[in-house]
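Asks: First, the structure itself, so that you have it in front of you.
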Amino acid sequence: MEYSAAQIAQLLGGQVEGQADVKVHNLSKIEEGKPGTLSFLANPQYTPYIYNTEASVVIVNDDFIAEQPVSSTLIRVPSAYEAFAKLLELYNQMQQEEAVIDEHAFIAPSAKVGENAYIGAFCYIGKNVTIGRNVKIYPHTYIGNNTRIGDDCTFFSGVKIYNDCVLGSKVTLHSGVIIGGDGFGFAPNQGEYKKVAQIGNVLIEDMVEVGANTTIDRATLGHTIIRKGVKLDNLIQIAHNVEIGENTVIAAQSGVAGSTKIGRNCMIGGQVGIIGHLKIGDNVKIAAQSGVGQNVADHQIIQGSPAFGIGDYKRAYVYFRKLADMAKDIDHLKKYVQKQQNS
Amino acid sequence: MEYSAAQIAQLLGGQVEGQADVKVHNLSKIEEGKPGTLSFLANPQYTPYIYNTEASVVIVNDDFIAEQPVSSTLIRVPSAYEAFAKLLELYNQMQQEEAVIDEHAFIAPSAKVGENAYIGAFCYIGKNVTIGRNVKIYPHTYIGNNTRIGDDCTFFSGVKIYNDCVLGSKVTLHSGVIIGGDGFGFAPNQGEYKKVAQIGNVLIEDMVEVGANTTIDRATLGHTIIRKGVKLDNLIQIAHNVEIGENTVIAAQSGVAGSTKIGRNCMIGGQVGIIGHLKIGDNVKIAAQSGVGQNVADHQIIQGSPAFGIGDYKRAYVYFRKLADMAKDIDHLKKYVQKQQNS
Amino acid sequence: MEYSAAQIAQLLGGQVEGQADVKVHNLSKIEEGKPGTLSFLANPQYTPYIYNTEASVVIVNDDFIAEQPVSSTLIRVPSAYEAFAKLLELYNQMQQEEAVIDEHAFIAPSAKVGENAYIGAFCYIGKNVTIGRNVKIYPHTYIGNNTRIGDDCTFFSGVKIYNDCVLGSKVTLHSGVIIGGDGFGFAPNQGEYKKVAQIGNVLIEDMVEVGANTTIDRATLGHTIIRKGVKLDNLIQIAHNVEIGENTVIAAQSGVAGSTKIGRNCMIGGQVGIIGHLKIGDNVKIAAQSGVGQNVADHQIIQGSPAFGIGDYKRAYVYFRKLADMAKDIDHLKKYVQKQQNS
């Protein structure tokens, strides 16, 4: 689909400067602008690009003053960034599938699906499942028996949710996400291991987003809990009975072992490991690749494996890099002392 | 479904103390007990909870003596822990799908499926596949041509098994497990890489359990082997031609590179990496996030990247944290010596 | 299927020595040879095995001279290794599915599929998708709207490709690969996070191979780019707007954060983490488990977390292991100096 600069300006409540009938069919970064695309300029650092971008239309702040000729058509708005973000969202919504139950989906007769749902081909919706309104469930998704799902959720192709889980509203799960697999619980038994039945579930609150191929295990008993607004990146492991507090974000490939509780508003880097049965406070930051082996108080910023204060870690690491020199110094000192003692 | 305390006591061969007709419909931890749930008390540490738990029924050891009033109905058994574990298992079995071949599954005419199988919707069972008795294969599972599967296996939704693999009995594979993908074998060829065909397979013995989204590559030639009783957690990578010995357990997100052989009864922590072509002995323990770069003898306990003896690692790490102080000390010593030499 | 030594010799243009009508039905390593299998001897280190291998047929170099009796039938060729590799490839091709569109696949009417394609059961091919010639797309694969795919690609069971992605020719994606999931982009907003729409795509060039359960996120705007000949192992994370140069290989469980650009012909070990917005040069090598926190020049070889020169890292780590001894030395020196100063 194509839109003219005039149409977009009207949508955004902005003013056109230049050719109002120029048409765009895609979005671009200003430094990579191509004819037929729409871009934006918000960060003053990128201002130089506006003088030679090939983007047909650029959204700018009301107060932008061109210091050289600009060949793109401009649309002036109070906030170029917000206007562009609004367009991104509209664009994204246009990509979504229409609300329809595909004839190749299987929905158990006892399941209930709210109005205005998209249920894609080859989806499997189990017994007694309840699903809210306006959900988008892409092909090959599996939802086990008795699982309950709120409104406005989007599950991309290939999500798997085991029995008895509970998800809130506005939850987004990317492809390959597994919710509710058995926790890793085995009791040693004469050199072998006997499985401990995992009969709890996973509870995911509103506005959670989970990245591709991330796994969240069900609780042994009770719940594994992902609180409101949590954002998990790809390939993360959340073990049984873990609880993650509101608005905590975790980067890709990190893992949290069983029964650990993480506070709210934490920021956890990629490839971090956190052992089981810990309590991590609120507003904690953990540097990428750290290993956390003990409780962490609120507002701590830590690094290392095992992790400690990030400043101390960085300082220690500076000396780690100089260890060969330090060893040489010690050697010289020892020789000096020996000589003194022998003399 | 609901059960009365009397019914459960009969099932467990226990004795009711209190209201025999109180009903429960779910299980709980004693410290989180709610009306309508059944809990247990085995660990004496949890005894205080029994005096104010809201659980309707609590299973206790025969010799439990209440020192305060208990409002829950009690069921006395010889071992509360074992009785509860038995209930967990029964509960879990009740969750399982009935034995039925779903009409939306595809099974190649040349495939053979044993009696009493559940094959879910949208499963794909390839040519010449043989599957034993009492298997549960959930929707969206793919089993490639010629693969052979034993009795009593459970594959959750979305398992993918490539051609020519061999799995024993009582094997549990969680959602997203990939068995038999090509090993990562490429021969350098004038700045590019030429694929080395991977024509071996994966061989999984009895009573193995594999966690969600774990990947086990096929051998280049011969077999990648997972021995009897091995337990693998989620998101683990097992490369081509690896062999893992009986009853070894590996925690989430660890990886084992090509052709490494791991002994029996090892315990390997999360996010561990083991390079290729190594021999790890029996009863070895490897701490989380360690990197193993050389052979490891039986009974070693190691940590670090690269890993060495865990005691030595912990000791070295204590001093790593003090490196800035050590450097300052060395500096002072050097200044002292310089002063001495100049005087 | 079975082949006689004579048939294989004819295929390879080799000469039979021994029983020409002996039959083989499988391939083996020479040290694990069994009756009915075909093996090869190329590496002189393995020569001792030829005198007691049970393999029925062994391919050897023209100039091989037996110093003891050999019971296997030999096939002499100019290069035993190349001849065997050729057989592996033939064997592998024989495993592939026939070109057929399965009746249980869904293909949108507006999608175009080139000639000679295999599209397996329960595949979903979205609107306006274009697919080249000779592709093999295994069951349960999902291809979102508008995605374009070249010739001779193979996607194993359960691959998921989101909307609007572009893949070249001879691309192999293993089971569970996710292409085009949303980048991890959230803007902080009064203690919560607001999703930044991810409307770019993923661009994969020719001859790329991607291992099982690896995830490659779409760009926020523009493209996440995987250049020609790149090989990615299993469970790797490639974030939004990353670019990976030609013929770079990355081992399992590594992760590359947003907007980082990696050069060509790099070799990156397993479980490596690379933070966002970096530039990694050409021909760089990164040791397993390293963490890369700054730009890396061409031809560097680095290790550590954070990573620096591999030689320096290894040297520092030698002293890390001796830190307790170094601390003791410092202590002795301090005591000596104190004593001197007091005397």
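Ordering of the structure tokens sets the chain letters (A, B, ...), residue numbers begin anew at 1 in every chain, and ligands are numbered from 1 in the order given.
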Need the shell around Ala121 (chain B): protein/DNA/RNA residues with any atom at most 9 Å away, counting only C-alpha atoms. Skip same-chain ones fewer than 4 positions apart. Format as an mmCIF file with C-alpha atoms, in the first residue's frame?
Replies:
```
data_model
loop_
_atom_site.group_PDB
_atom_site.id
_atom_site.type_symbol
_atom_site.label_atom_id
_atom_site.label_comp_id
_atom_site.auth_asym_id
_atom_site.auth_seq_id
_atom_site.Cartn_x
_atom_site.Cartn_y
_atom_site.Cartn_z
ATOM 1 C CA PHE A 106 -8.483 -27.925 16.118
ATOM 2 C CA PHE A 122 -2.961 -26.381 12.631
ATOM 3 C CA TYR A 124 -4.468 -27.156 18.826
ATOM 4 C CA ILE B 101 -4.955 -41.828 17.366
ATOM 5 C CA ASP B 102 -6.223 -38.369 16.473
ATOM 6 C CA GLU B 103 -7.868 -38.160 13.076
ATOM 7 C CA HIS B 104 -5.755 -35.074 12.269
ATOM 8 C CA ALA B 105 -2.481 -36.985 12.719
ATOM 9 C CA PHE B 106 -0.547 -38.268 9.710
ATOM 10 C CA TYR B 138 1.408 -34.867 21.741
ATOM 11 C CA PRO B 139 0.323 -32.636 18.836
ATOM 12 C CA HIS B 140 2.790 -31.196 16.304
ATOM 13 C CA THR B 141 5.418 -33.869 16.916
#
```
Asks: Check the DSSP output for the backbone and give back, as an MDAnalysis selection string, the residues of region 62-297 of chain C in strand (DSSP E).
Replies: chainID C and resid 73:77 106:107 112:113 118:119 124:125 130:131 136:137 142:143 148:149 154:155 160:161 166:167 172:173 178:181 186:189 192:195 201:204 209:210 215:217 223:226 231:232 237:238 243:244 249:250 255:256 261:262 267:268 273:274 279:280 285:286 291:292
Asks: Please identify every residue of chain C that has at least one atom no more than 6 Å from any atom of chain A, counting only C-alpha atoms, and report them as number ranges by chain.
Replies: C: 192, 197, 316
Asks: Using only C-alpha atoms for the distances, tell me which of A:Asn134, A:Ser79, A:Gln294, A:Thr47 is nearest to Ala66 (chain A).
Replies: A:Thr47
Asks: Applying 6 Å and only C-alpha atoms, which residues near Tyr118 (chain B) remain after dropping the ones on its own chain fewer than 2 positions away? List them as a PyMOL selection string.
Replies: chain B and resi 99-101+136-137
Asks: Leaving out Leu74 (chain A) and any residue of its chain fewer than 2 positions from it, which residues lie within 7 Å of it when counting only C-alpha atoms, given as a PyMOL selection string?
Replies: chain A and resi 16-18+57-60+72+76
Asks: For C-alpha atoms, I'd like the residues from the last selection saved as a short mmCIF file (atom, residue, chain, number, x, y, z; two decimals), in the first residue's frame.
Replies:
```cif
data_model
loop_
_atom_site.label_atom_id
_atom_site.label_comp_id
_atom_site.auth_asym_id
_atom_site.auth_seq_id
_atom_site.Cartn_x
_atom_site.Cartn_y
_atom_site.Cartn_z
CA VAL A 16 3.51 19.31 4.89
CA GLU A 17 6.45 21.28 3.56
CA GLY A 18 7.33 20.40 -0.07
CA VAL A 57 9.32 12.08 3.18
CA VAL A 58 10.88 12.95 6.55
CA ILE A 59 8.96 13.69 9.73
CA VAL A 60 10.65 16.50 11.70
CA SER A 72 12.72 15.38 0.90
CA ARG A 76 6.28 18.99 10.79
#
```
Asks: May I have the residues within 12 Å of Ala5 (chain B) as a PyMOL selection string, using only C-alpha atoms and disregarding those fewer than 4 positions away in the same chain?
Replies: chain B and resi 9-25+36-39+55-59+72-76
